[in-house]
$ cat coords-v7.cif   # mmCIF, C-alpha atoms
data_coords
#
loop_
_atom_site.label_atom_id
_atom_site.label_comp_id
_atom_site.auth_asym_id
_atom_site.auth_seq_id
_atom_site.Cartn_x
_atom_site.Cartn_y
_atom_site.Cartn_z
CA MET E 550 -6.98 -19.64 12.13
CA LYS E 551 -7.79 -18.62 8.59
CA ILE E 552 -6.30 -15.62 6.87
CA GLU E 553 -9.67 -13.84 7.00
CA ASP E 554 -9.81 -14.22 10.80
CA TYR E 555 -6.32 -12.94 10.94
CA LEU E 556 -7.43 -9.74 9.26
CA ASN E 557 -9.87 -9.16 12.09
CA ILE E 558 -7.39 -8.92 14.92
CA SER E 559 -5.29 -5.89 15.67
CA PRO E 560 -2.35 -5.78 13.22
CA TYR E 561 0.27 -5.17 15.90
CA SER E 562 -1.07 -7.50 18.55
CA LEU E 563 0.64 -10.87 18.21
CA SER E 564 3.77 -11.82 20.05
CA LYS E 565 6.75 -13.21 18.21
CA ARG E 566 5.92 -16.86 18.78
CA ASP E 567 2.28 -16.82 17.68
CA LYS E 568 3.01 -14.63 14.71
CA ARG E 569 5.85 -16.78 13.49
CA LYS E 570 3.85 -19.97 13.79
CA PHE E 571 0.99 -18.67 11.65
CA LEU E 572 3.13 -16.88 9.11
CA ILE E 573 5.41 -19.85 8.51
CA SER E 574 2.51 -22.19 7.90
CA GLU E 575 0.95 -19.72 5.42
CA LEU E 576 4.28 -19.08 3.69
CA ASN E 577 4.75 -22.81 3.18
CA LYS E 578 1.32 -23.02 1.56
CA LEU E 579 2.11 -20.05 -0.65
CA THR E 580 5.40 -21.53 -1.82
CA GLN E 581 3.44 -24.56 -2.95
CA ILE E 582 0.73 -22.48 -4.68
CA HIS E 583 3.24 -20.36 -6.57
CA TYR E 584 5.41 -23.35 -7.44
CA GLU E 585 2.44 -25.03 -9.05
CA GLY E 586 1.01 -21.89 -10.64
CA SER E 587 4.01 -20.08 -12.05
CA THR E 588 6.37 -21.79 -14.48
CA GLU E 589 8.98 -19.07 -13.93
CA TYR E 590 8.90 -19.50 -10.18
CA LYS E 591 9.04 -23.26 -10.52
CA SER E 592 12.12 -23.13 -12.75
CA ILE E 593 13.88 -20.85 -10.32
CA LEU E 594 13.25 -23.11 -7.33
CA ASP E 595 14.04 -26.25 -9.32
CA SER E 596 17.37 -24.82 -10.40
CA TYR E 597 18.62 -24.77 -6.81
CA ASN E 598 18.24 -28.48 -6.47
CA LYS E 599 17.09 -28.27 -2.89
CA ASN E 600 13.87 -28.59 -0.99
CA PHE E 601 11.94 -25.34 -0.65
CA PHE E 602 8.96 -26.75 1.20
CA ASN E 603 7.85 -27.33 4.78
CA TYR E 604 10.17 -24.98 6.54
CA ASP E 605 9.98 -24.12 10.20
CA ASN E 606 11.87 -20.83 9.99
CA TYR E 607 11.74 -17.60 7.97
CA GLU E 608 15.33 -17.69 6.90
CA SER E 609 14.91 -20.65 4.57
CA PHE E 610 12.20 -19.31 2.27
CA TYR E 611 13.64 -18.46 -1.10
CA PRO E 612 14.11 -14.68 -1.26
CA MET E 613 12.90 -13.77 -4.74
CA PRO E 614 14.83 -10.74 -6.04
CA VAL E 615 12.34 -7.95 -6.84
CA ARG E 616 14.32 -7.10 -9.97
CA LEU E 617 12.89 -10.23 -11.63
CA PHE E 618 9.47 -8.59 -11.77
CA LYS E 619 11.06 -5.91 -13.92
CA GLU E 620 12.52 -8.38 -16.36
CA PHE E 621 9.71 -10.89 -16.68
CA ASP E 622 5.95 -11.11 -16.44
CA ILE E 623 5.60 -13.43 -13.46
CA LYS E 624 2.21 -14.42 -12.19
CA THR E 625 0.50 -17.34 -10.53
CA CYS E 626 -3.11 -16.60 -11.44
CA LYS E 627 -4.50 -17.21 -14.91
CA SER E 628 -4.40 -14.33 -17.40
CA GLU E 629 -8.17 -14.02 -17.44
CA GLU E 630 -8.16 -13.64 -13.65
CA VAL E 631 -5.92 -10.59 -13.71
CA LEU E 632 -7.88 -7.71 -12.26
CA LYS E 633 -5.23 -5.06 -12.50
CA VAL E 634 -1.57 -4.66 -13.23
CA LEU E 635 0.49 -2.45 -10.97
CA THR E 636 3.67 -0.95 -12.26
CA SER E 637 6.46 0.83 -10.45
CA SER E 638 6.78 4.48 -11.33
CA GLY E 639 9.90 3.85 -13.41
CA THR E 640 11.44 7.24 -12.91
CA THR E 641 14.84 5.93 -11.95
CA SER E 642 15.17 3.08 -14.42
CA GLN E 643 13.72 2.27 -17.81
CA LYS E 644 12.30 -1.05 -16.77
CA VAL E 645 9.23 -1.11 -14.58
CA SER E 646 8.01 -3.90 -12.35
CA LYS E 647 4.74 -5.48 -13.36
CA ILE E 648 2.66 -6.96 -10.59
CA PHE E 649 -0.45 -8.92 -11.50
CA LEU E 650 -3.31 -8.77 -9.05
CA ASP E 651 -6.39 -10.95 -9.08
CA LYS E 652 -9.55 -10.29 -7.13
CA GLU E 653 -8.46 -12.23 -4.07
CA THR E 654 -5.04 -10.63 -3.70
CA SER E 655 -6.41 -7.19 -4.41
CA GLY E 656 -9.06 -7.70 -1.71
CA LEU E 657 -6.57 -8.98 0.85
CA GLN E 658 -4.31 -6.06 0.12
CA THR E 659 -7.10 -3.54 0.66
CA ASN E 660 -8.22 -5.22 3.86
CA ALA E 661 -4.73 -5.35 5.30
CA LEU E 662 -4.15 -1.71 4.46
CA VAL E 663 -7.40 -0.76 6.18
CA LYS E 664 -6.56 -2.63 9.36
CA ILE E 665 -3.13 -1.08 9.53
CA MET E 666 -4.21 2.47 8.78
CA GLN E 667 -7.18 2.37 11.15
CA THR E 668 -4.77 2.03 14.04
CA TYR E 669 -3.35 5.42 13.06
CA LEU E 670 -6.42 7.19 11.73
CA GLY E 671 -9.46 5.60 13.35
CA LYS E 672 -12.49 4.19 11.55
CA GLU E 673 -14.10 7.43 10.61
CA ARG E 674 -13.09 8.76 7.22
CA LEU E 675 -11.33 12.08 7.44
CA PRO E 676 -11.38 15.04 5.06
CA MET E 677 -8.40 14.41 2.80
CA LEU E 678 -5.88 16.70 1.21
CA ILE E 679 -3.89 14.99 -1.55
CA ILE E 680 -0.54 16.46 -2.53
CA ASP E 681 -0.81 15.25 -6.09
CA SER E 682 -2.64 15.80 -9.35
CA LYS E 683 -5.81 14.08 -10.46
CA SER E 684 -4.31 13.64 -13.91
CA ILE E 685 -2.50 10.54 -12.62
CA PHE E 686 -5.65 8.47 -13.26
CA LYS E 687 -5.83 8.97 -17.00
CA ASP E 688 -5.42 5.27 -17.72
CA ARG E 689 -7.72 3.37 -15.40
CA LYS E 690 -6.75 -0.22 -16.06
CA GLN E 691 -3.05 0.24 -15.60
CA PHE E 692 -1.82 2.84 -13.21
CA SER E 693 1.46 3.43 -11.50
CA ALA E 694 2.33 2.68 -7.92
CA ARG E 695 1.72 6.36 -7.27
CA GLY E 696 -1.87 6.07 -8.42
CA ALA E 697 -2.40 2.84 -6.53
CA GLY E 698 -1.02 4.44 -3.38
CA ILE E 699 -3.36 7.39 -3.63
CA LEU E 700 -6.37 5.19 -4.31
CA GLY E 701 -5.57 2.84 -1.46
CA LEU E 702 -5.38 5.74 0.95
CA SER E 703 -8.48 7.40 -0.49
CA ASN E 704 -10.57 4.82 1.35
CA PHE E 705 -9.71 6.66 4.55
CA GLY E 706 -10.72 10.05 3.25
CA ARG E 707 -13.71 12.07 2.23
CA ASP E 708 -13.96 15.31 0.29
CA HIS E 709 -10.76 14.32 -1.53
CA THR E 710 -8.96 17.48 -2.57
CA TYR E 711 -6.09 17.23 -5.06
CA VAL E 712 -4.02 20.36 -4.67
CA LEU E 713 -1.56 20.09 -7.58
CA ASP E 714 -2.29 20.60 -11.24
CA GLU E 715 -0.83 18.33 -13.89
CA HIS E 716 2.35 20.45 -13.99
CA MET E 717 2.74 20.06 -10.22
CA ASN E 718 1.80 23.65 -9.45
CA LEU E 719 0.24 24.17 -6.06
CA ASP E 720 -3.27 25.61 -6.03
CA GLU E 721 -3.24 27.73 -2.87
CA GLY E 722 -6.90 28.59 -3.26
CA LEU E 723 -7.91 24.94 -3.01
CA ILE E 724 -5.87 24.47 0.18
CA LYS E 725 -7.38 27.60 1.72
CA ASP E 726 -10.93 26.48 0.90
CA PHE E 727 -10.22 23.04 2.29
CA LEU E 728 -8.78 24.44 5.52
CA ASN E 729 -11.65 26.89 5.95
CA LYS E 730 -14.00 23.96 5.79
CA HIS E 731 -12.08 21.26 7.65
CA GLY E 732 -8.98 22.83 9.21
CA ASN E 733 -10.24 23.03 12.77
CA LYS E 734 -10.76 19.28 13.12
CA LYS E 735 -8.67 16.20 12.45
CA PHE E 736 -7.93 15.73 8.73
CA LEU E 737 -5.74 13.53 6.57
CA ILE E 738 -2.95 14.58 4.23
CA PHE E 739 -1.42 12.15 1.78
CA GLY E 740 1.43 12.65 -0.62
CA PHE E 741 4.66 11.20 -1.88
CA THR E 742 7.58 12.23 0.28
CA PHE E 743 9.45 14.00 -2.48
CA MET E 744 6.34 15.82 -3.68
CA VAL E 745 5.37 16.95 -0.20
CA ARG E 746 8.83 18.42 0.18
CA GLU E 747 9.15 20.00 -3.26
CA TYR E 748 5.63 21.04 -4.21
CA LEU E 749 4.14 21.85 -0.84
CA TYR E 750 6.93 22.74 1.56
CA GLN E 751 9.32 24.48 -0.88
CA GLU E 752 6.45 26.27 -2.56
CA ALA E 753 5.19 27.55 0.77
CA ILE E 754 8.70 28.79 1.59
CA ASN E 755 9.21 30.43 -1.81
CA LYS E 756 5.86 32.16 -1.82
CA LYS E 757 5.84 32.80 1.94
CA LEU E 758 2.46 31.09 2.25
CA LYS E 759 0.85 30.77 5.64
CA ILE E 760 -0.75 27.35 5.88
CA ASP E 761 -1.88 25.86 9.18
CA LEU E 762 -1.81 22.08 9.14
CA SER E 763 -1.74 21.60 12.89
CA ASN E 764 -4.78 19.31 12.84
CA GLY E 765 -3.47 17.27 9.95
CA ILE E 766 -2.11 13.74 9.96
CA LEU E 767 0.39 13.34 7.15
CA ILE E 768 0.89 9.92 5.62
CA HIS E 769 3.70 9.98 3.08
CA SER E 770 5.55 7.41 1.08
CA GLY E 771 7.84 6.85 -1.86
CA GLY E 772 11.31 6.71 -0.45
CA TRP E 773 14.11 9.08 0.38
CA LYS E 774 16.38 8.66 -2.60
CA LYS E 775 15.78 12.05 -4.17
CA LEU E 776 15.70 13.82 -0.83
CA VAL E 777 18.87 12.27 0.52
CA GLU E 778 20.65 13.75 -2.52
CA LYS E 779 19.52 17.13 -1.22
CA ALA E 780 20.59 16.24 2.30
CA VAL E 781 17.00 16.08 3.54
CA THR E 782 16.81 13.30 6.10
CA ASN E 783 13.65 12.08 7.78
CA GLU E 784 14.50 14.23 10.82
CA VAL E 785 14.93 17.36 8.69
CA PHE E 786 11.75 16.60 6.76
CA ARG E 787 9.75 16.27 9.96
CA SER E 788 11.14 19.27 11.77
CA ASP E 789 10.73 21.54 8.72
CA LEU E 790 7.07 20.59 8.29
CA ASN E 791 6.55 21.11 11.98
CA GLU E 792 8.11 24.57 11.86
CA ILE E 793 6.35 25.87 8.75
CA PHE E 794 2.92 24.24 8.99
CA SER E 795 2.77 23.26 12.69
CA LEU E 796 2.32 19.74 11.36
CA ARG E 797 3.26 17.24 14.07
CA SER E 798 1.63 13.98 13.15
CA ILE E 799 3.80 12.61 10.35
CA HIS E 800 4.03 8.96 9.29
CA ASP E 801 6.28 7.58 6.61
CA PHE E 802 5.03 4.46 4.91
CA TYR E 803 7.33 1.86 3.37
CA GLY E 804 6.12 -0.49 0.67
CA MET E 805 7.41 -1.38 -2.76
CA VAL E 806 4.98 -2.06 -5.57
CA GLU E 807 6.18 -5.66 -5.58
CA GLN E 808 5.02 -6.22 -2.03
CA VAL E 809 1.49 -4.91 -2.13
CA GLY E 810 -0.13 -5.29 1.23
CA SER E 811 3.13 -5.59 3.09
CA ILE E 812 2.93 -2.11 4.42
CA PHE E 813 5.12 -0.71 7.11
CA VAL E 814 4.06 2.51 8.79
CA GLU E 815 6.27 4.76 10.87
CA CYS E 816 5.30 5.01 14.53
CA GLU E 817 5.51 7.97 16.88
CA TYR E 818 9.15 7.07 17.56
CA SER E 819 10.12 7.08 13.87
CA PHE E 820 10.38 3.32 13.46
CA LEU E 821 8.65 1.35 10.72
CA HIS E 822 6.62 -1.59 12.05
CA ALA E 823 5.93 -5.03 10.61
CA PRO E 824 2.24 -5.89 11.01
CA ILE E 825 0.98 -9.44 11.62
CA PHE E 826 0.62 -10.16 7.88
CA SER E 827 4.27 -9.69 7.17
CA ASP E 828 7.74 -9.87 8.56
CA ILE E 829 11.15 -8.65 7.71
CA LEU E 830 14.75 -9.87 7.68
CA ALA E 831 18.02 -8.08 7.00
CA ARG E 832 20.62 -9.93 4.95
CA ASP E 833 24.23 -9.25 4.11
CA PRO E 834 24.12 -7.78 0.57
CA ILE E 835 26.94 -10.00 -0.66
CA THR E 836 26.68 -13.28 1.24
CA HIS E 837 22.93 -13.05 1.93
CA LYS E 838 23.58 -14.23 5.46
CA VAL E 839 20.79 -13.20 7.85
CA LEU E 840 21.96 -10.37 10.08
CA LYS E 841 21.35 -9.65 13.75
CA PHE E 842 19.28 -6.76 15.08
CA GLY E 843 21.18 -3.51 14.74
CA GLN E 844 23.15 -4.59 11.67
CA LYS E 845 22.55 -2.80 8.39
CA GLY E 846 21.62 -4.99 5.43
CA LEU E 847 19.46 -5.77 2.45
CA LEU E 848 15.82 -6.11 3.48
CA GLN E 849 13.83 -9.24 2.79
CA VAL E 850 10.07 -8.96 3.11
CA LEU E 851 7.79 -11.88 3.90
CA SER E 852 4.06 -11.51 3.43
CA ILE E 853 1.10 -13.86 3.45
CA LEU E 854 -1.00 -11.68 1.15
CA PRO E 855 0.36 -12.19 -2.41
CA ARG E 856 -1.62 -15.03 -4.00
CA SER E 857 -1.61 -14.02 -7.66
CA TYR E 858 2.15 -13.57 -8.02
CA PRO E 859 5.06 -15.09 -6.08
CA GLY E 860 5.70 -12.13 -3.82
CA HIS E 861 5.44 -13.84 -0.45
CA SER E 862 9.18 -13.74 0.12
CA LEU E 863 11.00 -10.93 -1.64
CA LEU E 864 14.53 -9.67 -1.55
CA SER E 865 14.28 -5.91 -1.90
CA GLU E 866 16.99 -3.54 -3.10
CA ASP E 867 16.61 -1.45 0.02
CA ILE E 868 19.13 -1.17 2.80
CA GLY E 869 17.78 -1.04 6.31
CA THR E 870 18.36 -1.93 9.94
CA ILE E 871 16.04 -3.95 12.13
CA TYR E 872 16.31 -2.71 15.71
CA GLY E 873 14.27 -5.21 17.65
CA GLU E 874 11.02 -7.10 18.04
CA ASP E 875 7.97 -6.60 20.29
CA ASP E 876 9.68 -3.95 22.42
CA CYS E 877 9.35 -0.62 20.62
CA LYS E 878 8.51 2.26 22.94
CA CYS E 879 5.30 2.90 20.98
CA GLY E 880 3.85 -0.37 22.29
CA ARG E 881 3.22 -2.07 18.93
CA ALA E 882 4.26 -5.71 18.73
CA GLY E 883 6.35 -6.97 15.84
CA LYS E 884 9.74 -6.09 14.40
CA TYR E 885 10.66 -2.44 14.03
CA PHE E 886 13.17 -1.03 11.61
CA LYS E 887 14.40 1.84 9.46
CA VAL E 888 15.14 2.04 5.76
CA HIS E 889 18.31 3.94 4.88
CA GLY E 890 18.12 3.90 1.10
CA ARG E 891 18.59 1.91 -2.04
CA LEU E 892 21.46 -0.48 -2.65
CA PRO E 893 23.90 1.42 -4.89
CA LYS E 894 23.93 0.10 -8.45
CA SER E 895 27.69 -0.24 -8.42
CA GLU E 896 27.58 -2.66 -5.53
CA VAL E 897 28.01 -6.31 -6.38
CA ARG E 898 24.66 -7.99 -6.61
CA GLY E 899 23.99 -11.17 -4.75
CA CYS E 900 24.75 -14.16 -6.89
CA SER E 901 21.26 -15.61 -6.49
CA ASP E 902 19.95 -12.56 -8.27
CA THR E 903 21.85 -13.17 -11.46
CA HIS E 904 21.34 -16.87 -11.21
CA ALA E 905 17.53 -16.64 -11.02
CA SER E 906 17.48 -14.27 -13.93
CA GLU E 907 19.50 -16.67 -16.08
CA VAL E 908 17.26 -19.58 -15.18
CA VAL E 909 14.11 -17.79 -16.33
CA THR E 910 15.78 -16.52 -19.50
CA ASN E 911 17.06 -19.94 -20.53
CA LYS E 912 13.84 -21.70 -19.71
CA MET P 1178 -38.50 4.66 -3.48
CA ASN P 1179 -35.08 3.96 -2.00
CA ASN P 1180 -34.65 1.19 -4.53
CA LYS P 1181 -35.14 3.61 -7.36
CA LYS P 1182 -32.80 6.09 -5.72
CA ILE P 1183 -29.95 3.63 -5.21
CA VAL P 1184 -30.19 2.46 -8.81
CA GLU P 1185 -30.05 6.05 -10.01
CA ILE P 1186 -27.02 6.75 -7.85
CA PHE P 1187 -25.20 3.63 -9.09
CA SER P 1188 -26.04 4.47 -12.66
CA LYS P 1189 -24.87 8.05 -12.36
CA SER P 1190 -21.69 7.39 -10.34
CA LEU P 1191 -20.48 4.45 -12.41
CA GLY P 1192 -21.74 5.72 -15.73
CA ILE P 1193 -23.71 2.54 -16.52
CA SER P 1194 -27.26 1.98 -17.65
CA GLU P 1195 -29.90 1.29 -15.02
CA GLU P 1196 -30.87 -2.05 -16.61
CA ILE P 1197 -27.67 -3.81 -15.59
CA ILE P 1198 -27.92 -2.77 -11.95
CA CYS P 1199 -29.15 -5.68 -9.87
CA ASP P 1200 -28.41 -7.00 -6.36
CA SER P 1201 -25.80 -9.43 -7.62
CA LEU P 1202 -23.73 -6.84 -9.47
CA GLU P 1203 -20.28 -6.94 -7.89
CA TYR P 1204 -17.47 -4.48 -7.37
CA ASN P 1205 -14.69 -5.01 -9.93
CA SER P 1206 -16.88 -7.32 -12.05
CA ILE P 1207 -17.34 -4.64 -14.70
CA PRO P 1208 -14.69 -2.14 -15.82
CA GLU P 1209 -16.92 0.79 -14.83
CA TRP P 1210 -17.03 -0.21 -11.16
CA ASP P 1211 -13.36 0.02 -10.29
CA SER P 1212 -11.61 1.52 -7.30
CA ILE P 1213 -11.71 5.03 -8.77
CA ALA P 1214 -15.43 4.91 -9.49
CA HIS P 1215 -15.99 3.38 -6.04
CA MET P 1216 -14.89 6.64 -4.45
CA THR P 1217 -17.38 8.60 -6.54
CA LEU P 1218 -20.09 6.08 -5.71
CA ILE P 1219 -19.44 6.39 -1.97
CA SER P 1220 -19.65 10.14 -1.95
CA GLU P 1221 -22.83 10.09 -4.09
CA LEU P 1222 -24.42 7.57 -1.72
CA GLU P 1223 -23.48 9.73 1.25
CA ASP P 1224 -24.94 12.84 -0.35
CA GLY P 1225 -27.99 11.09 -1.75
CA PHE P 1226 -29.00 9.41 1.51
CA ASP P 1227 -27.49 12.00 3.83
CA ILE P 1228 -25.33 9.54 5.75
CA MET P 1229 -21.66 9.17 6.70
CA LEU P 1230 -20.00 5.89 5.81
CA ASP P 1231 -16.88 4.74 7.62
CA THR P 1232 -13.84 2.96 6.18
CA ASP P 1233 -15.18 -0.51 6.98
CA ASP P 1234 -18.43 0.27 5.16
CA ILE P 1235 -16.73 1.20 1.95
CA ILE P 1236 -14.44 -1.80 2.00
CA GLU P 1237 -17.38 -4.13 2.63
CA MET P 1238 -19.46 -2.62 -0.14
CA SER P 1239 -18.58 -5.34 -2.63
CA SER P 1240 -21.95 -5.63 -4.40
CA VAL P 1241 -25.23 -3.80 -4.85
CA SER P 1242 -26.84 -6.13 -2.33
CA LYS P 1243 -24.06 -5.40 0.21
CA ALA P 1244 -24.55 -1.72 -0.41
CA LYS P 1245 -28.19 -2.11 0.57
CA ASP P 1246 -27.22 -4.00 3.75
CA ILE P 1247 -24.78 -1.27 4.70
CA LEU P 1248 -27.29 1.48 4.05
CA GLY P 1249 -29.71 -0.58 6.13
CA LYS P 1250 -27.40 -0.11 9.12
CA HIS P 1251 -27.97 3.60 8.62
CA ASN P 1252 -31.76 3.10 8.76
CA ILE P 1253 -32.32 3.25 5.04
CA SER P 1254 -34.70 0.42 4.18
CA PHE P 1255 -35.20 -1.31 0.85
#
$ encode --input "coords-v7.cif" --output "structure tokens"
Amino acid sequence: MKIEDYLNISPYSLSKRDKRKFLISELNKLTQIHYEGSTEYKSILDSYNKNFFNYDNYESFYPMPVRLFKEFDIKTCKSEEVLKVLTSSGTTSQKVSKIFLDKETSGLQTNALVKIMQTYLGKERLPMLIIDSKSIFKDRKQFSARGAGILGLSNFGRDHTYVLDEHMNLDEGLIKDFLNKHGNKKFLIFGFTFMVREYLYQEAINKKLKIDLSNGILIHSGGWKKLVEKAVTNEVFRSDLNEIFSLRSIHDFYGMVEQVGSIFVECEYSFLHAPIFSDILARDPITHKVLKFGQKGLLQVLSILPRSYPGHSLLSEDIGTIYGEDDCKCGRAGKYFKVHGRLPKSEVRGCSDTHASEVVTNK
Amino acid sequence: MNNKKIVEIFSKSLGISEEIICDSLEYNSIPEWDSIAHMTLISELEDGFDIMLDTDDIIEMSSVSKAKDILGKHNISF
């Protein structure tokens, strides 16, 4: 089967064995492509003095620390093939990740996203409320992960309505008009988790606004870091939105800028699911040993989509727990997991992290 | 007539001159036809031809010629 055929089957349909077989063969090919195409990636693998090719298991693929994309420009495609550069939002650290996308990778990413989201939203595009400001697209060639996220999701919407101004003030009039027009049928809401909480929910509470989102499907993303500081857990977030807006269909969406296309969407039972294009492992943060289901660890993300940069096997800085595979109550096949938060900065970093960084620097 | 109309819509939505619009013009091959402009293009096509495109249509619309094929499915002939 080719990767294009793979994009045409349901993204949560393959059992463990079939999925693993296809993914491993693609990941081996990708290791080769990136080894030949990226001098940085090659020097990192070479420095380990071991064979990184022709594996028959996930555990052996080199887990590239995502931090390296912050420190270096790492790409496999030629400079003239770069279609766009994605950057992380960079609000929590000075350095931002730079991810280089060529036409192929960008296309695969869009296709994968469509297949995944269609299982939640259907094929028909829905009227779309965006909890953000249009001003985010000022620079069109280089936009942040936030902009890329909004654009990616915009494919599923119509009548896109941005309800915040550039100072993040909520325009109640726009929401009211939107709901008068579309509120009595299914519609889509997209926003970053923190912004939904602060600029929609809090604002509605403060101003005692009555907004009925009972026909809405909220897709949100961006992580819990800022909300956890305010003691807002996923459960609190969901139940508050339910209470104030009668909003019941709520799906978190996990994906770092470094792993475009490897998108994990929260199911009806609050678990994130690995689609057929990607898989996930949890490793001990110190020893990097692969952990069993139920054990909390550093998440490693495998994906067959990144062709223009070596992002097919990434060690994230996120802590999560994988609960099982192929047996979630929602019926979707694949591993299911939760993300608990970011690895604290004070925690000792895995030694491979520092090592890889030194190798590229001294090259 | 539909040919003229689609060229006008492309020109207006992407902000490009009508002369460069041909069947082989591809999405992302010029800076003006990027993912942001694509959204504008889709909604102008929907309004202009009075149709509703679904998610698959807009993902598949990778060139002017593809756009015509997709509109063809909605009984718009060229």
$ closest_residue --input "coords-v7.cif" --among "E:Ile835, E:Leu635, E:Leu700, E:Ile738" --to "E:Ile680" --atoms "only C-alpha atoms"
E:Ile738
$ closest_residue --input "coords-v7.cif" --among "E:Asp708, E:Glu585, E:Glu629, E:Glu608" --to "P:Ile1219" --atoms "all atoms listed in the file"
E:Asp708
$ interface_residues --input "coords-v7.cif" --of "chain E" --to "chain P" --cutoff "7 Å" --atoms "all atoms listed in the file" --output "VMD selection string"
chain E and resid 672 to 674 700 704 to 705
$ atom_distance --input "coords-v7.cif" --atom1 "atom CA of E:Ile829" --atom2 "atom CA of E:Glu907"
26.5 Å
$ resolve_selection --input "coords-v7.cif" --expression "the PyMOL selection byres ((chain P and resi 1190) around 9)" --output "list in words"
Glu1185, Ile1186, Phe1187, Ser1188, Lys1189, Leu1191, Gly1192, Ile1193, Trp1210, Ala1214, His1215, Thr1217, Leu1218, Ile1219 and Glu1221 of chain P
$ resolve_selection --input "coords-v7.cif" --expression "the PyMOL selection byres ((chain E and resi 853) around 9)" --output "list in words"
Ile552, Leu572, Ile573, Glu575, Leu576, Leu579, Gly810, Ser811, Phe826, Ser827, Leu851, Ser852, Leu854, Pro855, Arg856, Gly860, His861 and Ser862 of chain E
$ resolve_selection --input "coords-v7.cif" --expression "the PyMOL selection byres ((chain E and resi 715) around 9)" --output "list in words"
Asp681, Ser682, Lys683, Ser684, Ile685, Leu713, Asp714, His716, Met717 and Asn718 of chain E
$ closest_residue --input "coords-v7.cif" --among "E:Phe743, E:Phe727, E:Phe786, E:Phe601" --to "E:Leu762" --atoms "only C-alpha atoms"
E:Phe727
$ residues_around --input "coords-v7.cif" --residues "E:Leu830" --least-positions-apart "3" --cutoff "8 Å" --atoms "all atoms listed in the file" --output "ChimeraX atom specification"
/E:608,839-840,848-850,871
$ atom_distance --input "coords-v7.cif" --atom1 "atom CA of E:Ile593" --atom2 "atom CA of E:Asp622"
14.0 Å
$ atom_distance --input "coords-v7.cif" --atom1 "atom CA of E:Val909" --atom2 "atom CA of E:Ser596"
9.8 Å
$ closest_residue --input "coords-v7.cif" --among "P:Asp1227, P:Ser1240, P:Ile1183, P:Glu1203" --to "P:Asn1252" --atoms "only C-alpha atoms"
P:Asp1227
$ closest_residue --input "coords-v7.cif" --among "E:Thr654, E:Ser592, E:Ser693, E:Thr580" --to "E:Ser609" --atoms "all atoms listed in the file"
E:Thr580
$ decode --input "coords-v7.cif" --residues "stretch 1228-1251 of chain P" --atoms "C-alpha atoms" --output "short mmCIF file (atom, residue, chain, number, x, y, z; two decimals), in the first residue's frame"
data_model
loop_
_atom_site.label_atom_id
_atom_site.label_comp_id
_atom_site.auth_asym_id
_atom_site.auth_seq_id
_atom_site.Cartn_x
_atom_site.Cartn_y
_atom_site.Cartn_z
CA ILE P 1228 -23.03 25.95 -4.95
CA MET P 1229 -21.85 24.38 -1.69
CA LEU P 1230 -18.43 22.77 -1.73
CA ASP P 1231 -17.49 20.15 0.84
CA THR P 1232 -14.15 19.65 2.59
CA ASP P 1233 -12.90 17.12 0.04
CA ASP P 1234 -13.64 19.54 -2.80
CA ILE P 1235 -11.56 22.31 -1.36
CA ILE P 1236 -8.64 20.04 -0.58
CA GLU P 1237 -8.71 18.61 -4.09
CA MET P 1238 -8.86 22.01 -5.72
CA SER P 1239 -5.14 22.11 -6.44
CA SER P 1240 -5.25 23.86 -9.84
CA VAL P 1241 -7.55 25.87 -12.07
CA SER P 1242 -8.23 22.78 -14.12
CA LYS P 1243 -9.14 20.80 -10.96
CA ALA P 1244 -11.41 23.63 -9.93
CA LYS P 1245 -13.27 23.24 -13.21
CA ASP P 1246 -13.59 19.47 -12.68
CA ILE P 1247 -14.97 20.01 -9.20
CA LEU P 1248 -17.44 22.63 -10.37
CA GLY P 1249 -18.37 20.16 -13.11
CA LYS P 1250 -19.59 17.76 -10.40
CA HIS P 1251 -21.97 20.53 -9.41
#
